[in-house]
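Colleague: Got a file for you: work_37.pdb, PDB, C-alpha atoms, pLDDT in the B column.
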ATOM      1  CA  MET A   1       0.000   0.000   0.000  1.00 79.00           C
ATOM      2  CA  GLY A   2       2.798   2.415   0.870  1.00 86.00           C
ATOM      3  CA  PHE A   3       4.583   1.945  -2.446  1.00 87.00           C
ATOM      4  CA  SER A   4       1.351   2.611  -4.350  1.00 91.00           C
ATOM      5  CA  ILE A   5       0.942   5.938  -2.600  1.00 94.00           C
ATOM      6  CA  ALA A   6       4.631   6.743  -3.151  1.00 93.00           C
ATOM      7  CA  LEU A   7       4.210   5.941  -6.854  1.00 94.00           C
ATOM      8  CA  ILE A   8       1.285   8.353  -7.138  1.00 95.00           C
ATOM      9  CA  VAL A   9       3.193  11.100  -5.307  1.00 96.00           C
ATOM     10  CA  PHE A  10       6.348  10.594  -7.405  1.00 96.00           C
ATOM     11  CA  SER A  11       4.266  10.545 -10.615  1.00 96.00           C
ATOM     12  CA  LEU A  12       2.629  13.865  -9.798  1.00 97.00           C
ATOM     13  CA  LEU A  13       5.936  15.382  -8.704  1.00 96.00           C
ATOM     14  CA  LEU A  14       7.653  14.155 -11.869  1.00 95.00           C
ATOM     15  CA  MET A  15       4.943  15.697 -14.049  1.00 95.00           C
ATOM     16  CA  LEU A  16       5.315  19.012 -12.228  1.00 94.00           C
ATOM     17  CA  LEU A  17       9.109  18.970 -12.546  1.00 93.00           C
ATOM     18  CA  VAL A  18       9.019  18.153 -16.263  1.00 91.00           C
ATOM     19  CA  LEU A  19       6.546  20.952 -16.886  1.00 90.00           C
ATOM     20  CA  MET A  20       8.814  23.408 -15.038  1.00 89.00           C
ATOM     21  CA  HIS A  21      11.678  22.819 -17.487  1.00 83.00           C
ATOM     22  CA  LYS A  22      12.371  25.528 -20.008  1.00 75.00           C
ATOM     23  CA  GLY A  23      11.627  24.604 -23.615  1.00 71.00           C
ATOM     24  CA  LYS A  24      14.691  24.124 -25.818  1.00 69.00           C
ATOM     25  CA  GLY A  25      12.918  25.403 -28.940  1.00 61.00           C
ATOM     26  CA  GLY A  26      10.798  23.573 -31.448  1.00 51.00           C
ATOM     27  CA  GLY A  27       8.533  20.664 -30.752  1.00 50.00           C
ATOM     28  CA  LEU A  28       5.460  20.550 -28.589  1.00 53.00           C
ATOM     29  CA  SER A  29       6.811  22.897 -25.925  1.00 53.00           C
ATOM     30  CA  ASP A  30       6.438  25.890 -28.271  1.00 57.00           C
ATOM     31  CA  MET A  31       2.850  24.925 -29.037  1.00 58.00           C
ATOM     32  CA  PHE A  32       1.882  25.276 -25.364  1.00 63.00           C
ATOM     33  CA  GLY A  33       3.829  28.462 -24.688  1.00 61.00           C
ATOM     34  CA  GLY A  34       7.181  26.887 -23.820  1.00 56.00           C
ATOM     35  CA  GLY A  35       8.949  29.185 -26.258  1.00 55.00           C
ATOM     36  CA  MET A  36       8.209  32.258 -24.141  1.00 55.00           C
ATOM     37  CA  GLN A  37      10.701  33.447 -21.576  1.00 55.00           C
ATOM     38  CA  SER A  38       9.886  32.146 -18.136  1.00 53.00           C
ATOM     39  CA  SER A  39      11.033  33.518 -14.815  1.00 52.00           C
ATOM     40  CA  VAL A  40      11.170  29.998 -13.307  1.00 51.00           C
ATOM     41  CA  GLY A  41      14.259  28.744 -15.151  1.00 45.00           C
ATOM     42  CA  GLY A  42      16.094  32.028 -15.435  1.00 53.00           C
ATOM     43  CA  SER A  43      19.621  31.006 -14.490  1.00 65.00           C
ATOM     44  CA  SER A  44      21.672  28.075 -15.603  1.00 82.00           C
ATOM     45  CA  VAL A  45      22.281  27.051 -11.964  1.00 87.00           C
ATOM     46  CA  ALA A  46      18.545  26.794 -11.341  1.00 85.00           C
ATOM     47  CA  GLU A  47      18.113  24.794 -14.547  1.00 86.00           C
ATOM     48  CA  ARG A  48      20.921  22.407 -13.559  1.00 88.00           C
ATOM     49  CA  ASN A  49      19.421  21.904 -10.105  1.00 91.00           C
ATOM     50  CA  LEU A  50      16.023  21.279 -11.666  1.00 91.00           C
ATOM     51  CA  ASP A  51      17.631  18.686 -13.952  1.00 91.00           C
ATOM     52  CA  ARG A  52      19.213  16.918 -10.973  1.00 94.00           C
ATOM     53  CA  ILE A  53      15.993  16.909  -8.970  1.00 95.00           C
ATOM     54  CA  THR A  54      14.069  15.583 -11.968  1.00 94.00           C
ATOM     55  CA  VAL A  55      16.554  12.736 -12.464  1.00 96.00           C
ATOM     56  CA  VAL A  56      16.431  11.776  -8.765  1.00 96.00           C
ATOM     57  CA  VAL A  57      12.623  11.794  -8.700  1.00 96.00           C
ATOM     58  CA  GLY A  58      12.573   9.790 -11.939  1.00 96.00           C
ATOM     59  CA  LEU A  59      14.875   7.162 -10.440  1.00 97.00           C
ATOM     60  CA  LEU A  60      12.718   6.956  -7.303  1.00 96.00           C
ATOM     61  CA  TRP A  61       9.628   6.604  -9.517  1.00 96.00           C
ATOM     62  CA  PHE A  62      11.314   3.772 -11.430  1.00 97.00           C
ATOM     63  CA  ALA A  63      12.361   2.059  -8.186  1.00 95.00           C
ATOM     64  CA  CYS A  64       8.752   2.175  -6.927  1.00 95.00           C
ATOM     65  CA  ILE A  65       7.555   0.521 -10.127  1.00 96.00           C
ATOM     66  CA  VAL A  66      10.167  -2.243  -9.817  1.00 96.00           C
ATOM     67  CA  VAL A  67       9.343  -2.871  -6.145  1.00 95.00           C
ATOM     68  CA  LEU A  68       5.600  -2.937  -6.865  1.00 94.00           C
ATOM     69  CA  GLY A  69       6.199  -5.421  -9.702  1.00 94.00           C
ATOM     70  CA  ILE A  70       8.215  -7.687  -7.426  1.00 95.00           C
ATOM     71  CA  VAL A  71       5.634  -7.471  -4.626  1.00 93.00           C
ATOM     72  CA  MET A  72       2.795  -8.270  -7.013  1.00 92.00           C
ATOM     73  CA  LYS A  73       4.701 -11.241  -8.450  1.00 93.00           C
ATOM     74  CA  VAL A  74       5.466 -12.626  -4.967  1.00 94.00           C
ATOM     75  CA  ASN A  75       1.845 -12.239  -3.814  1.00 90.00           C
ATOM     76  CA  ASN A  76       0.462 -14.154  -6.802  1.00 82.00           C
TER      77      ASN A  76
END
What's the structure tokens form of this structure?
Modeller:
Amino acid sequence: MGFSIALIVFSLLLMLLVLMHKGKGGGLSDMFGGGMQSSVGGSSVAERNLDRITVVVGLLWFACIVVLGIVMKVNN
């Protein structure tokens, strides 16, 4: 039960973090306003920290999926 809740929390957090990234030009990010200047990712240090946090949350999300898969396989 705890890993299911953690998976939901990490999924929502990962979506929020990905949406906070600045668009690199072209693609779907420009279609939804990603091409405009944003005050969120103004400096390169903030962008690098956001990248690191996104990678860590993504790895935790992946670990939750693996653990839930193992638990479900053991219970069946």
Colleague: Expand the PyMOL selection byres ((chain A and resi 58) around 10) into the individual residues it matches in the shown file, reporting them as JSON, numbers by chain.
Modeller: {"A": [10, 11, 13, 14, 15, 17, 52, 53, 54, 55, 56, 57, 59, 60, 61, 62, 63, 64]}
Colleague: Would you mind exporting C-alpha atoms of the selected residues as a PDB file, in the frame of the given file?
Modeller:
ATOM      1  CA  PHE A  10       6.348  10.594  -7.405  1.00 96.00           C
ATOM      2  CA  SER A  11       4.266  10.545 -10.615  1.00 96.00           C
ATOM      3  CA  LEU A  13       5.936  15.382  -8.704  1.00 96.00           C
ATOM      4  CA  LEU A  14       7.653  14.155 -11.869  1.00 95.00           C
ATOM      5  CA  MET A  15       4.943  15.697 -14.049  1.00 95.00           C
ATOM      6  CA  LEU A  17       9.109  18.970 -12.546  1.00 93.00           C
ATOM      7  CA  ARG A  52      19.213  16.918 -10.973  1.00 94.00           C
ATOM      8  CA  ILE A  53      15.993  16.909  -8.970  1.00 95.00           C
ATOM      9  CA  THR A  54      14.069  15.583 -11.968  1.00 94.00           C
ATOM     10  CA  VAL A  55      16.554  12.736 -12.464  1.00 96.00           C
ATOM     11  CA  VAL A  56      16.431  11.776  -8.765  1.00 96.00           C
ATOM     12  CA  VAL A  57      12.623  11.794  -8.700  1.00 96.00           C
ATOM     13  CA  LEU A  59      14.875   7.162 -10.440  1.00 97.00           C
ATOM     14  CA  LEU A  60      12.718   6.956  -7.303  1.00 96.00           C
ATOM     15  CA  TRP A  61       9.628   6.604  -9.517  1.00 96.00           C
ATOM     16  CA  PHE A  62      11.314   3.772 -11.430  1.00 97.00           C
ATOM     17  CA  ALA A  63      12.361   2.059  -8.186  1.00 95.00           C
ATOM     18  CA  CYS A  64       8.752   2.175  -6.927  1.00 95.00           C
TER      19      CYS A  64
END
Colleague: Would you please work out which residue, of A:Ile70, A:Asn75, A:Ile65, A:Leu50, is nearest to Ile8 of chain A when using all atoms listed in the file?
Modeller: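 Counting all atoms listed in the file, the residue closest to Ile8 of chain A is A:Ile65.
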Colleague: Taking the file as I've supplied it (selection: the PyMOL selection byres ((chain A and resi 1-3) around 7)), which residues are included? Please answer as an NGL selection string.
Modeller: :A and (4-7 or 64 or 68)
Colleague: Between atom CA of Ala46 of chain A and atom CA of Val18 of chain A, what is the distance in Å, rounded to a tenth?
Modeller: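 Answer for the atom CA of Ala46 of chain A to atom CA of Val18 of chain A separation: 13.8 Å.
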Colleague: Could you write out as AutoDock Vina command-line options the box around segment 1-20 of chain A (axis-aligned, all atoms listed in the file, 8 Å on each side), with centre and edge lengths in Å to one decimal?
Modeller:
--center_x 4.6 --center_y 11.7 --center_z -8.0 --size_x 25.1 --size_y 39.4 --size_z 33.8
Colleague: For the atom pair atom CA of Glu47 of chain A and atom CA of Met20 of chain A, what is the interatomic distance in Å to one decimal place?
Modeller: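 Distance reported for this atom pair: 9.4 Å.
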Colleague: Rounded to one decimal place, report the atom CA of Lys22 of chain A-atom CA of Asn49 of chain A distance in Å.
Modeller: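 Answer for the atom CA of Lys22 of chain A to atom CA of Asn49 of chain A separation: 12.7 Å.
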Colleague: Which is closest to Arg48 of chain A among A:His21, A:Val9, A:Leu16, A:Val66, if we use only C-alpha atoms?
Modeller: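 Looking at the shortest contact to Arg48 of chain A, the residue is A:His21.
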